[in-house]
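Novice: This one is upload-v3.pdb, PDB, C-alpha atoms.
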```pdb
ATOM      1  CA  MET A   1      41.746 -38.098  49.398
ATOM      2  CA  ALA A   2      39.518 -40.613  51.141
ATOM      3  CA  THR A   3      37.968 -43.335  49.077
ATOM      4  CA  THR A   4      34.239 -43.755  49.161
ATOM      5  CA  PHE A   5      31.554 -46.250  48.252
ATOM      6  CA  GLU A   6      32.180 -48.077  51.502
ATOM      7  CA  LEU A   7      30.466 -51.327  52.342
ATOM      8  CA  ILE A   8      28.320 -50.727  55.431
ATOM      9  CA  THR A   9      26.876 -54.218  55.734
ATOM     10  CA  SER A  10      25.713 -57.172  53.669
ATOM     11  CA  VAL A  11      23.161 -59.948  53.943
ATOM     12  CA  THR A  12      23.197 -63.411  52.362
ATOM     13  CA  VAL A  13      19.987 -65.364  52.704
ATOM     14  CA  GLY A  14      20.474 -68.791  54.216
ATOM     15  CA  SER A  15      18.611 -72.048  53.839
ATOM     16  CA  GLY A  16      14.915 -71.659  54.455
ATOM     17  CA  GLY A  17      14.795 -68.271  52.776
ATOM     18  CA  ALA A  18      13.786 -64.943  54.283
ATOM     19  CA  SER A  19      10.640 -62.850  54.109
ATOM     20  CA  THR A  20      12.624 -59.609  54.261
ATOM     21  CA  ILE A  21      16.194 -58.353  54.142
ATOM     22  CA  ASP A  22      16.735 -55.620  56.713
ATOM     23  CA  PHE A  23      19.394 -52.967  57.151
ATOM     24  CA  THR A  24      18.996 -51.164  60.470
ATOM     25  CA  SER A  25      20.906 -48.521  62.413
ATOM     26  CA  ILE A  26      22.248 -47.040  59.177
ATOM     27  CA  PRO A  27      24.916 -44.479  60.108
ATOM     28  CA  SER A  28      24.290 -40.865  59.163
ATOM     29  CA  SER A  29      27.905 -40.221  58.232
ATOM     30  CA  PHE A  30      27.554 -40.667  54.466
ATOM     31  CA  SER A  31      26.076 -38.445  51.747
ATOM     32  CA  ASP A  32      24.268 -41.068  49.689
ATOM     33  CA  LEU A  33      23.406 -44.766  49.933
ATOM     34  CA  SER A  34      23.586 -47.500  47.323
ATOM     35  CA  VAL A  35      21.987 -50.925  47.630
ATOM     36  CA  VAL A  36      23.016 -53.705  45.263
ATOM     37  CA  VAL A  37      20.833 -56.804  45.217
ATOM     38  CA  SER A  38      21.071 -60.255  43.660
ATOM     39  CA  ALA A  39      17.825 -62.022  44.441
ATOM     40  CA  ARG A  40      15.556 -64.891  43.609
ATOM     41  CA  SER A  41      12.060 -65.406  44.962
ATOM     42  CA  THR A  42      10.272 -68.549  46.128
ATOM     43  CA  HIS A  43       7.141 -67.382  44.310
ATOM     44  CA  THR A  44       5.850 -70.121  41.970
ATOM     45  CA  SER A  45       6.152 -67.957  38.906
ATOM     46  CA  VAL A  46       8.914 -66.724  36.630
ATOM     47  CA  LEU A  47       9.014 -63.313  38.275
ATOM     48  CA  ASP A  48       8.422 -61.518  41.543
ATOM     49  CA  GLU A  49       8.653 -57.813  42.383
ATOM     50  CA  LEU A  50      11.366 -56.310  44.571
ATOM     51  CA  LEU A  51      10.116 -53.622  46.934
ATOM     52  CA  VAL A  52      11.733 -51.381  49.541
ATOM     53  CA  ARG A  53      10.566 -49.641  52.699
ATOM     54  CA  PHE A  54      12.323 -46.938  54.664
ATOM     55  CA  ASN A  55      12.141 -46.674  58.457
ATOM     56  CA  SER A  56       9.345 -49.302  58.554
ATOM     57  CA  SER A  57       7.032 -46.869  56.800
ATOM     58  CA  SER A  58       4.251 -48.274  54.605
ATOM     59  CA  THR A  59       2.975 -44.936  53.313
ATOM     60  CA  GLY A  60       4.032 -42.147  50.999
ATOM     61  CA  TYR A  61       5.585 -44.035  48.058
ATOM     62  CA  THR A  62       4.979 -43.026  44.450
ATOM     63  CA  ASN A  63       6.848 -44.134  41.355
ATOM     64  CA  LYS A  64       7.099 -44.057  37.593
ATOM     65  CA  PHE A  65       8.941 -46.714  35.627
ATOM     66  CA  VAL A  66       9.618 -47.983  32.147
ATOM     67  CA  MET A  67      10.085 -51.651  31.365
ATOM     68  CA  GLY A  68      11.071 -53.781  28.436
ATOM     69  CA  ASP A  69      10.455 -57.471  27.944
ATOM     70  CA  GLY A  70      12.451 -58.146  24.831
ATOM     71  CA  SER A  71       9.688 -57.217  22.425
ATOM     72  CA  THR A  72       7.574 -54.451  23.929
ATOM     73  CA  THR A  73       7.952 -51.499  26.253
ATOM     74  CA  GLN A  74       5.544 -50.204  28.853
ATOM     75  CA  SER A  75       5.465 -47.379  31.355
ATOM     76  CA  TYR A  76       3.502 -47.383  34.599
ATOM     77  CA  SER A  77       3.130 -45.262  37.687
ATOM     78  CA  ASN A  78       2.140 -45.792  41.295
ATOM     79  CA  ASN A  79       1.697 -49.541  41.052
ATOM     80  CA  TYR A  80       2.746 -49.780  44.720
ATOM     81  CA  THR A  81       2.037 -47.098  47.310
ATOM     82  CA  THR A  82       2.797 -49.012  50.506
ATOM     83  CA  SER A  83       6.378 -49.721  49.414
ATOM     84  CA  GLY A  84       8.906 -48.292  47.022
ATOM     85  CA  TYR A  85       8.963 -50.217  43.774
ATOM     86  CA  VAL A  86      12.380 -51.424  42.581
ATOM     87  CA  GLY A  87      11.619 -53.867  39.792
ATOM     88  CA  TYR A  88      11.304 -57.479  38.711
ATOM     89  CA  ILE A  89      13.532 -60.302  39.917
ATOM     90  CA  SER A  90      13.687 -63.967  39.016
ATOM     91  CA  ALA A  91      11.396 -66.376  40.870
ATOM     92  CA  ALA A  92      11.065 -70.113  41.438
ATOM     93  CA  ASN A  93       9.922 -71.025  37.931
ATOM     94  CA  ALA A  94      12.712 -69.097  36.217
ATOM     95  CA  THR A  95      15.688 -70.980  34.784
ATOM     96  CA  ALA A  96      17.470 -72.730  37.647
ATOM     97  CA  GLY A  97      20.330 -70.799  39.196
ATOM     98  CA  THR A  98      19.338 -67.413  37.808
ATOM     99  CA  PHE A  99      18.964 -64.425  40.088
ATOM    100  CA  GLY A 100      17.651 -60.965  39.272
ATOM    101  CA  SER A 101      19.973 -57.990  39.709
ATOM    102  CA  SER A 102      18.894 -54.670  41.111
ATOM    103  CA  SER A 103      20.577 -51.457  42.163
ATOM    104  CA  ILE A 104      19.131 -48.621  44.189
ATOM    105  CA  TYR A 105      20.783 -45.198  44.546
ATOM    106  CA  ILE A 106      19.517 -42.916  47.315
ATOM    107  CA  PRO A 107      21.134 -39.464  47.412
ATOM    108  CA  LEU A 108      20.965 -37.174  50.438
ATOM    109  CA  TYR A 109      19.331 -39.840  52.603
ATOM    110  CA  THR A 110      19.845 -37.786  55.787
ATOM    111  CA  GLY A 111      18.481 -34.553  54.298
ATOM    112  CA  SER A 112      15.291 -32.742  55.241
ATOM    113  CA  LYS A 113      13.615 -33.092  51.849
ATOM    114  CA  ASN A 114      11.376 -35.861  50.580
ATOM    115  CA  LYS A 115      13.491 -38.824  49.512
ATOM    116  CA  SER A 116      13.913 -39.507  45.796
ATOM    117  CA  PHE A 117      15.719 -42.563  44.568
ATOM    118  CA  SER A 118      16.634 -44.209  41.318
ATOM    119  CA  SER A 119      16.563 -47.968  40.714
ATOM    120  CA  ASP A 120      17.278 -50.379  37.909
ATOM    121  CA  SER A 121      16.329 -54.020  37.909
ATOM    122  CA  VAL A 122      16.778 -56.895  35.493
ATOM    123  CA  ALA A 123      15.546 -60.480  35.474
ATOM    124  CA  GLU A 124      17.200 -62.344  32.644
ATOM    125  CA  SER A 125      17.193 -66.139  32.502
ATOM    126  CA  ASN A 126      17.615 -66.997  28.822
ATOM    127  CA  ALA A 127      13.888 -67.530  28.462
ATOM    128  CA  PRO A 128      11.190 -65.663  26.549
ATOM    129  CA  THR A 129       9.603 -62.663  28.219
ATOM    130  CA  GLN A 130      12.142 -61.428  30.707
ATOM    131  CA  TYR A 131      12.070 -57.949  32.112
ATOM    132  CA  MET A 132      14.183 -54.941  32.801
ATOM    133  CA  ASN A 133      12.950 -51.872  34.665
ATOM    134  CA  MET A 134      14.232 -48.356  35.136
ATOM    135  CA  ASN A 135      12.404 -46.674  37.944
ATOM    136  CA  ALA A 136      12.010 -43.291  39.649
ATOM    137  CA  THR A 137      10.508 -43.388  43.132
ATOM    138  CA  LEU A 138       9.652 -40.754  45.711
ATOM    139  CA  TRP A 139       9.109 -41.392  49.405
ATOM    140  CA  SER A 140       7.166 -38.336  50.566
ATOM    141  CA  ASN A 141       8.748 -38.185  53.978
ATOM    142  CA  THR A 142      11.342 -35.715  55.219
ATOM    143  CA  ALA A 143      12.820 -38.011  57.887
ATOM    144  CA  ALA A 144      16.394 -39.188  57.589
ATOM    145  CA  ILE A 145      16.609 -42.788  56.448
ATOM    146  CA  THR A 146      17.903 -44.987  59.253
ATOM    147  CA  ALA A 147      16.561 -48.355  58.121
ATOM    148  CA  ILE A 148      15.964 -50.045  54.787
ATOM    149  CA  GLN A 149      13.858 -53.152  54.332
ATOM    150  CA  LEU A 150      13.830 -55.151  51.119
ATOM    151  CA  ARG A 151      10.719 -57.233  50.575
ATOM    152  CA  LEU A 152       8.970 -59.056  47.768
ATOM    153  CA  GLY A 153       5.529 -58.651  46.305
ATOM    154  CA  TYR A 154       4.460 -62.291  46.424
ATOM    155  CA  ALA A 155       6.791 -64.581  48.376
ATOM    156  CA  ASN A 156      10.153 -64.866  50.148
ATOM    157  CA  PHE A 157      13.768 -64.386  49.199
ATOM    158  CA  ALA A 158      15.361 -67.682  48.191
ATOM    159  CA  GLN A 159      18.593 -69.006  49.629
ATOM    160  CA  TYR A 160      21.759 -67.348  48.236
ATOM    161  CA  SER A 161      20.006 -64.033  47.592
ATOM    162  CA  THR A 162      22.354 -61.209  48.599
ATOM    163  CA  ALA A 163      22.086 -57.523  49.350
ATOM    164  CA  TYR A 164      24.929 -55.073  49.912
ATOM    165  CA  LEU A 165      24.500 -51.627  51.471
ATOM    166  CA  TYR A 166      27.150 -49.067  50.510
ATOM    167  CA  GLY A 167      27.712 -45.591  51.856
ATOM    168  CA  VAL A 168      28.948 -42.855  49.535
ATOM    169  CA  LYS A 169      30.703 -39.793  50.906
ATOM    170  CA  ASN A 170      30.951 -36.674  48.799
ATOM    171  CA  ALA A 171      33.921 -35.312  50.740
TER
ATOM    172  CA  MET B   1      44.939 -51.405  47.251
ATOM    173  CA  PRO B   2      43.971 -49.053  44.433
ATOM    174  CA  SER B   3      41.689 -46.178  45.244
ATOM    175  CA  THR B   4      38.355 -45.911  43.475
ATOM    176  CA  TYR B   5      35.313 -43.652  43.501
ATOM    177  CA  GLU B   6      37.118 -40.729  45.061
ATOM    178  CA  PRO B   7      35.215 -37.493  45.671
ATOM    179  CA  ILE B   8      36.882 -34.710  43.677
ATOM    180  CA  ALA B   9      34.588 -31.787  44.480
ATOM    181  CA  THR B  10      31.162 -31.137  45.879
ATOM    182  CA  THR B  11      28.851 -28.213  46.405
ATOM    183  CA  THR B  12      25.461 -27.604  47.979
ATOM    184  CA  LEU B  13      23.937 -24.387  46.709
ATOM    185  CA  SER B  14      23.299 -21.823  49.432
ATOM    186  CA  SER B  15      21.737 -19.468  46.899
ATOM    187  CA  THR B  16      19.985 -20.038  43.592
ATOM    188  CA  ALA B  17      22.227 -20.438  40.558
ATOM    189  CA  SER B  18      21.627 -20.697  36.825
ATOM    190  CA  SER B  19      24.543 -23.100  36.469
ATOM    191  CA  TYR B  20      27.494 -24.693  38.188
ATOM    192  CA  THR B  21      30.880 -25.487  36.639
ATOM    193  CA  PHE B  22      33.510 -27.936  37.827
ATOM    194  CA  THR B  23      36.933 -26.659  36.774
ATOM    195  CA  SER B  24      40.516 -27.893  36.963
ATOM    196  CA  ILE B  25      39.383 -31.512  36.918
ATOM    197  CA  PRO B  26      42.495 -33.661  37.324
ATOM    198  CA  SER B  27      43.359 -36.047  34.516
ATOM    199  CA  THR B  28      44.508 -38.790  36.841
ATOM    200  CA  TYR B  29      41.323 -40.874  36.862
ATOM    201  CA  THR B  30      39.865 -43.212  34.253
ATOM    202  CA  ASP B  31      36.203 -42.188  34.423
ATOM    203  CA  LEU B  32      34.224 -39.479  36.155
ATOM    204  CA  ILE B  33      30.813 -39.701  37.783
ATOM    205  CA  LEU B  34      28.689 -36.628  38.466
ATOM    206  CA  VAL B  35      25.877 -37.124  40.960
ATOM    207  CA  ALA B  36      23.278 -34.387  41.182
ATOM    208  CA  SER B  37      20.248 -33.909  43.404
ATOM    209  CA  ALA B  38      18.515 -30.957  41.803
ATOM    210  CA  ALA B  39      15.373 -28.856  41.882
ATOM    211  CA  ASN B  40      14.569 -25.591  40.130
ATOM    212  CA  THR B  41      13.196 -22.220  41.141
ATOM    213  CA  SER B  42      10.232 -22.093  38.776
ATOM    214  CA  GLY B  43       6.778 -23.573  39.218
ATOM    215  CA  SER B  44       7.226 -26.331  36.680
ATOM    216  CA  HIS B  45       9.656 -29.026  35.595
ATOM    217  CA  ASP B  46      12.702 -28.091  33.546
ATOM    218  CA  SER B  47      15.404 -29.874  31.555
ATOM    219  CA  ILE B  48      19.037 -29.979  32.636
ATOM    220  CA  LEU B  49      21.888 -29.154  30.251
ATOM    221  CA  ILE B  50      25.454 -30.499  30.255
ATOM    222  CA  GLN B  51      28.440 -28.956  28.475
ATOM    223  CA  VAL B  52      32.111 -29.898  28.843
ATOM    224  CA  GLY B  53      35.452 -28.588  27.699
ATOM    225  CA  ASN B  54      39.193 -28.330  28.024
ATOM    226  CA  GLY B  55      40.315 -24.961  29.338
ATOM    227  CA  SER B  56      36.913 -23.516  28.524
ATOM    228  CA  ILE B  57      33.412 -24.839  28.041
ATOM    229  CA  ASP B  58      32.667 -25.904  24.462
ATOM    230  CA  THR B  59      29.522 -24.090  23.316
ATOM    231  CA  GLY B  60      29.723 -25.297  19.713
ATOM    232  CA  ASN B  61      27.349 -27.784  18.086
ATOM    233  CA  ASN B  62      29.520 -30.705  19.085
ATOM    234  CA  TYR B  63      27.101 -32.689  21.225
ATOM    235  CA  SER B  64      24.607 -35.434  20.483
ATOM    236  CA  ARG B  65      22.482 -37.858  22.443
ATOM    237  CA  THR B  66      20.011 -40.737  22.158
ATOM    238  CA  ARG B  67      17.564 -41.261  24.964
ATOM    239  CA  ILE B  68      14.654 -43.284  26.261
ATOM    240  CA  LEU B  69      12.116 -41.194  28.180
ATOM    241  CA  TRP B  70       9.146 -42.169  30.330
ATOM    242  CA  ASN B  71       6.646 -40.606  32.729
ATOM    243  CA  GLY B  72       4.605 -43.515  34.032
ATOM    244  CA  SER B  73       2.138 -43.574  31.194
ATOM    245  CA  SER B  74       4.021 -42.774  28.000
ATOM    246  CA  ARG B  75       7.492 -43.682  26.803
ATOM    247  CA  SER B  76       9.508 -42.640  23.830
ATOM    248  CA  SER B  77      12.947 -42.681  22.323
ATOM    249  CA  ALA B  78      14.575 -39.829  20.444
ATOM    250  CA  SER B  79      17.921 -38.568  19.192
ATOM    251  CA  ARG B  80      19.420 -35.119  18.935
ATOM    252  CA  SER B  81      22.577 -34.399  16.939
ATOM    253  CA  SER B  82      24.936 -31.487  16.337
ATOM    254  CA  ALA B  83      23.569 -29.654  19.344
ATOM    255  CA  PRO B  84      25.176 -26.960  21.541
ATOM    256  CA  ASN B  85      24.645 -29.029  24.702
ATOM    257  CA  ILE B  86      23.393 -32.353  26.058
ATOM    258  CA  ASP B  87      19.903 -32.103  27.494
ATOM    259  CA  TYR B  88      18.045 -34.480  29.767
ATOM    260  CA  ASP B  89      14.712 -34.503  31.596
ATOM    261  CA  SER B  90      13.634 -33.520  34.075
ATOM    262  CA  MET B  91      14.154 -31.473  37.204
ATOM    263  CA  PRO B  92      11.228 -30.789  39.566
ATOM    264  CA  PRO B  93      10.331 -27.383  40.980
ATOM    265  CA  SER B  94      11.469 -26.881  44.560
ATOM    266  CA  SER B  95       7.826 -26.488  45.589
ATOM    267  CA  THR B  96       7.486 -30.285  45.355
ATOM    268  CA  ASN B  97      10.000 -30.575  48.204
ATOM    269  CA  SER B  98      11.846 -33.253  46.240
ATOM    270  CA  TYR B  99      14.869 -33.528  43.964
ATOM    271  CA  CYS B 100      15.615 -35.444  40.821
ATOM    272  CA  VAL B 101      18.415 -38.008  41.032
ATOM    273  CA  SER B 102      21.042 -37.710  38.269
ATOM    274  CA  VAL B 103      24.012 -40.038  37.785
ATOM    275  CA  ILE B 104      26.203 -39.101  34.818
ATOM    276  CA  GLN B 105      29.206 -41.198  33.846
ATOM    277  CA  PHE B 106      31.964 -39.678  31.701
ATOM    278  CA  GLN B 107      33.805 -42.623  30.205
ATOM    279  CA  ASN B 108      37.510 -42.270  29.442
ATOM    280  CA  TYR B 109      37.255 -38.520  29.967
ATOM    281  CA  ALA B 110      41.007 -37.839  29.738
ATOM    282  CA  ASN B 111      41.771 -40.078  26.776
ATOM    283  CA  THR B 112      42.967 -37.862  23.906
ATOM    284  CA  ASN B 113      42.458 -40.540  21.270
ATOM    285  CA  VAL B 114      38.667 -40.792  21.504
ATOM    286  CA  TYR B 115      35.515 -38.737  21.471
ATOM    287  CA  LYS B 116      33.913 -38.601  24.917
ATOM    288  CA  SER B 117      30.873 -40.736  25.753
ATOM    289  CA  LEU B 118      28.467 -40.016  28.592
ATOM    290  CA  LEU B 119      25.916 -42.305  30.209
ATOM    291  CA  ILE B 120      23.081 -40.353  31.814
ATOM    292  CA  ARG B 121      20.459 -41.702  34.168
ATOM    293  CA  ASN B 122      17.966 -39.298  35.721
ATOM    294  CA  SER B 123      14.984 -40.157  37.908
ATOM    295  CA  ASN B 124      12.127 -37.776  38.664
ATOM    296  CA  ASP B 125       9.005 -39.350  40.113
ATOM    297  CA  GLN B 126       7.048 -36.158  39.481
ATOM    298  CA  ASP B 127       7.559 -35.965  35.716
ATOM    299  CA  TYR B 128       9.856 -37.516  33.082
ATOM    300  CA  SER B 129      12.798 -39.828  33.798
ATOM    301  CA  VAL B 130      15.458 -40.660  31.255
ATOM    302  CA  ALA B 131      18.308 -42.955  30.309
ATOM    303  CA  SER B 132      20.651 -41.493  27.681
ATOM    304  CA  ILE B 133      23.866 -42.095  25.842
ATOM    305  CA  ALA B 134      25.560 -38.885  24.773
ATOM    306  CA  LEU B 135      28.685 -37.857  22.885
ATOM    307  CA  TRP B 136      31.027 -34.871  22.896
ATOM    308  CA  ARG B 137      32.792 -34.903  19.554
ATOM    309  CA  SER B 138      36.230 -33.885  20.726
ATOM    310  CA  THR B 139      39.400 -35.783  21.531
ATOM    311  CA  SER B 140      40.414 -33.176  24.087
ATOM    312  CA  ALA B 141      40.535 -34.278  27.684
ATOM    313  CA  ILE B 142      37.640 -33.017  29.772
ATOM    314  CA  ASN B 143      38.781 -30.713  32.572
ATOM    315  CA  GLN B 144      35.624 -28.631  32.886
ATOM    316  CA  ILE B 145      31.987 -29.695  33.268
ATOM    317  CA  LYS B 146      29.082 -27.240  33.313
ATOM    318  CA  ILE B 147      25.587 -28.177  34.445
ATOM    319  CA  ALA B 148      22.701 -25.741  34.008
ATOM    320  CA  GLY B 149      18.937 -25.478  33.994
ATOM    321  CA  SER B 150      17.487 -25.129  30.518
ATOM    322  CA  ALA B 151      15.114 -22.279  31.351
ATOM    323  CA  THR B 152      15.345 -21.930  35.123
ATOM    324  CA  SER B 153      17.832 -21.744  37.976
ATOM    325  CA  PHE B 154      18.792 -24.408  40.459
ATOM    326  CA  SER B 155      17.168 -23.992  43.855
ATOM    327  CA  ILE B 156      18.907 -23.668  47.202
ATOM    328  CA  GLY B 157      19.899 -27.095  48.488
ATOM    329  CA  THR B 158      20.713 -28.498  45.052
ATOM    330  CA  THR B 159      23.838 -30.648  45.354
ATOM    331  CA  PHE B 160      26.479 -31.557  42.774
ATOM    332  CA  THR B 161      29.290 -34.013  43.496
ATOM    333  CA  LEU B 162      32.021 -35.127  41.112
ATOM    334  CA  TYR B 163      33.771 -38.462  41.715
ATOM    335  CA  GLY B 164      36.808 -39.941  40.019
ATOM    336  CA  ILE B 165      37.190 -43.652  39.322
ATOM    337  CA  LYS B 166      40.534 -45.329  38.748
ATOM    338  CA  VAL B 167      40.794 -48.768  37.243
ATOM    339  CA  ALA B 168      44.111 -49.370  39.000
TER
END
```
Please lay out the structure from this file as structure tokens.
Specialist:
Amino acid sequence: MATTFELITSVTVGSGGASTIDFTSIPSSFSDLSVVVSARSTHTSVLDELLVRFNSSSTGYTNKFVMGDGSTTQSYSNNYTTSGYVGYISAANATAGTFGSSSIYIPLYTGSKNKSFSSDSVAESNAPTQYMNMNATLWSNTAAITAIQLRLGYANFAQYSTAYLYGVKNA
Amino acid sequence: MPSTYEPIATTTLSSTASSYTFTSIPSTYTDLILVASAANTSGSHDSILIQVGNGSIDTGNNYSRTRILWNGSSRSSASRSSAPNIDYDSMPPSSTNSYCVSVIQFQNYANTNVYKSLLIRNSNDQDYSVASIALWRSTSAINQIKIAGSATSFSIGTTFTLYGIKVA
């Protein structure tokens, strides 16, 4: 039986940072996609927000998420509509050397239905008020996903940020 | 190199179905992962139910779960014990042209020394999403998994895939 969860491609941000992380020409030969991210932002704050766009589209995104900060919980919806919301990551004023971790699971990315995906994101740096998100997002577009762009809400990806794109086959 | 995350079985419904059952699940893996993309045939959202068993599906009050639930404005946490199934929210109606995304991990599913723990993560942008920990109070190995709509049927195009994970 063939193994699955194959690495399609990866990106490591070099010196100087990057405004986006792009996966293009995604093959249609898998059933689902998974993106695993370790990222830090150059934003002069403790946190930034990790976002995603499919096929260069800036429309059709809706989401609902829950978040905890170590003392309280909150739930929000549709805070971004021009990108898919993934969650918080560490930024320039967070404890040195700490990167946020995020995972995105996109089933049936080549199907003819609107694209739902699940994402979890944590930004923990041994400091007060850190965040974890669990998120449900819908991209109201029936096109197959052929490109994924990771972007940030406020600044750029810092050096050493990484993103891995995996393909999952169900047979 | 050891194999991992192997697809065991998959189905895409070509007709509506009230449930789907994976049977004859091999005991050769360490954990199982069930990935579902589901919608239902009614006009509203519905819960999804999980039952498991060895040789037959256990319908006794041997399940429990603790969950955190949210819908973009409210959030809550609740437990359910001694129940006939494991429930989680929610599955959209097919009229929304979207599916919920469910990833369910069955930890140590073939270990006959422990009760069976499940980690459930379901995302539905249209209604409630959930993260749950659940328990099947049996030391029997799991070789059957049944997934069903609570009050509705799964729509055409709903997909269920079962993967096996080996640690070595």
Novice: Between chain B and chain A, at 10 Å or less, what are the per-residue closest atom pairs and their distances in Å? Count all atoms listed in the file, order by chain and rising residue number, and return it as a tab-separated table.
Specialist:
```
residue	atom	partner	partner_atom	distance
B:Pro2	CA	A:Thr3	CA	9.5
B:Ser3	CA	A:Thr3	CA	6.1
B:Thr4	CA	A:Thr3	CA	6.2
B:Tyr5	CA	A:Thr4	CA	5.8
B:Glu6	CA	A:Thr3	CA	4.9
B:Pro7	CA	A:Asn170	CA	5.4
B:Ile8	CA	A:Ala171	CA	7.7
B:Ala9	CA	A:Ala171	CA	7.2
B:Thr10	CA	A:Asn170	CA	6.3
B:Thr11	CA	A:Asn170	CA	9.0
B:Val35	CA	A:Pro107	CA	8.3
B:Ala36	CA	A:Pro107	CA	8.3
B:Ser37	CA	A:Pro107	CA	6.9
B:Ile68	CA	A:Val66	CA	9.1
B:Leu69	CA	A:Val66	CA	8.3
B:Trp70	CA	A:Val66	CA	6.1
B:Asn71	CA	A:Lys64	CA	6.0
B:Gly72	CA	A:Tyr76	CA	4.1
B:Ser73	CA	A:Ser75	CA	5.1
B:Ser74	CA	A:Ser75	CA	5.9
B:Arg75	CA	A:Ser75	CA	6.2
B:Ser76	CA	A:Thr73	CA	9.3
B:Ser94	CA	A:Lys113	CA	9.8
B:Thr96	CA	A:Asn114	CA	8.6
B:Asn97	CA	A:Lys113	CA	5.7
B:Ser98	CA	A:Asn114	CA	5.1
B:Tyr99	CA	A:Ser116	CA	6.3
B:Cys100	CA	A:Ser116	CA	6.6
B:Val101	CA	A:Phe117	CA	6.4
B:Ser102	CA	A:Ser118	CA	8.4
B:Val103	CA	A:Tyr105	CA	9.1
B:Arg121	CA	A:Ser118	CA	8.5
B:Asn122	CA	A:Ser118	CA	7.6
B:Ser123	CA	A:Ala136	CA	4.7
B:Asn124	CA	A:Ala136	CA	5.6
B:Asp125	CA	A:Ala136	CA	5.0
B:Gln126	CA	A:Lys64	CA	8.1
B:Asp127	CA	A:Lys64	CA	8.3
B:Tyr128	CA	A:Lys64	CA	8.4
B:Ser129	CA	A:Ala136	CA	6.8
B:Val130	CA	A:Met134	CA	8.7
B:Ala131	CA	A:Met134	CA	8.3
B:Gly157	CA	A:Lys113	CA	9.3
B:Thr159	CA	A:Leu108	CA	8.8
B:Phe160	CA	A:Asn170	CA	9.1
B:Thr161	CA	A:Asn170	CA	6.2
B:Leu162	CA	A:Asn170	CA	7.9
B:Tyr163	CA	A:Asn170	CA	7.8
B:Gly164	CA	A:Thr3	CA	9.7
B:Ile165	CA	A:Thr3	CA	9.8
```
Novice: May I ask which of the residues A:Ser121, A:Asn126, A:Gln149, A:Thr98 is the closest one to Asp22 in chain A, counting only C-alpha atoms?
Specialist: A:Gln149
Novice: What do you get, as a PyMOL selection string, if you spell out every residue that the PyMOL selection byres ((chain B and resi 78) around 8) selects here?
Specialist: chain B and resi 66-68+76-77+79-80
Novice: I want to know what sits within 12 Å of range 88-91 of chain A, based on all atoms listed in the file, with residues of the same chain fewer than 5 positions away left out; could you give that as a count of residues only?
Specialist: 54
Novice: Neighbouring residues of Gly60 in chain B were defined as those with any atom within 12 Å, considering only C-alpha atoms; residues of the same chain fewer than 5 positions away were excluded. Please report them as a VMD selection string.
Specialist: chain B and resid 51 to 53 81 to 86 136 to 138
Novice: Could the residues in this selection be saved with C-alpha atoms as an mmCIF file, in the coordinates of the input?
Specialist:
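Dumped to result39.cif:
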```cif
data_model
loop_
_atom_site.group_PDB
_atom_site.id
_atom_site.type_symbol
_atom_site.label_atom_id
_atom_site.label_comp_id
_atom_site.auth_asym_id
_atom_site.auth_seq_id
_atom_site.Cartn_x
_atom_site.Cartn_y
_atom_site.Cartn_z
ATOM 1 C CA GLN B 51 28.440 -28.956 28.475
ATOM 2 C CA VAL B 52 32.111 -29.898 28.843
ATOM 3 C CA GLY B 53 35.452 -28.588 27.699
ATOM 4 C CA SER B 81 22.577 -34.399 16.939
ATOM 5 C CA SER B 82 24.936 -31.487 16.337
ATOM 6 C CA ALA B 83 23.569 -29.654 19.344
ATOM 7 C CA PRO B 84 25.176 -26.960 21.541
ATOM 8 C CA ASN B 85 24.645 -29.029 24.702
ATOM 9 C CA ILE B 86 23.393 -32.353 26.058
ATOM 10 C CA TRP B 136 31.027 -34.871 22.896
ATOM 11 C CA ARG B 137 32.792 -34.903 19.554
ATOM 12 C CA SER B 138 36.230 -33.885 20.726
#
```
Novice: Please compute the CA of Ala143 in chain A-CA of Tyr85 in chain A distance, one decimal, in Å.
Specialist: 19.1 Å
Novice: Report as lines of an AutoDock Vina configuration file the centre and the edge lengths, in Å to one decimal, of the axis-aligned box holding every listed atom of range 161-170 of chain A, padded by 3 Å on each side.
Specialist:
```
center_x = 25.5
center_y = -50.4
center_z = 49.7
size_x = 16.9
size_y = 33.4
size_z = 10.3
```
Novice: Enter the distance from CA of Tyr109 in chain B to CA of Ala151 in chain B, in Å, rounded to one decimal.
Specialist: 27.5 Å
Novice: Nearest to Lys146 in chain B: which of B:Asp46, B:Asp31, B:Asp89, B:Asp58 is it, counting all atoms listed in the file?
Specialist: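 The shortest atom-to-atom distance to Lys146 in chain B comes from B:Asp58.
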Novice: Within 7 Å of Ser117 in chain B, counting only C-alpha atoms, which residues qualify if same-chain residues fewer than 5 places away don't, as a VMD selection string?
Specialist: chain B and resid 106 to 107 134 to 136
Novice: Have a look at CA of Thr59 in chain B and CA of Lys166 in chain B and let me know their distance in Å, one decimal.
Specialist: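 These atoms are spaced 28.5 Å apart.
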Novice: On this structure, which residues satisfy the PyMOL selection byres ((chain B and resi 54) around 7), written as a PyMOL selection string?
Specialist: chain B and resi 53+55-57+140-144
Novice: List the neighbours of range 54-59 of chain A out to 8 Å using all atoms listed in the file; skip same-chain residues closer than 2 positions along the sequence, and give me the result as a list of chain:residue names.
Specialist: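 Here the qualifying residues turn out to be A:Val52, A:Tyr61, A:Thr81, A:Thr82, A:Ser83, A:Ile145, A:Thr146, A:Ala147, A:Ile148, A:Gln149.
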Novice: When the PyMOL selection byres ((chain B and resi 105) around 6) is applied to the file above, which residues end up in the set, as a VMD selection string?
Specialist: chain B and resid 32 to 33 104 106 118 to 119
Novice: Name the closest residue to Ser19 in chain B among the candidates B:Ser42, B:Tyr63, B:Leu49, B:Ile120; distances are taken between atoms, counting all atoms listed in the file.
Specialist: B:Leu49
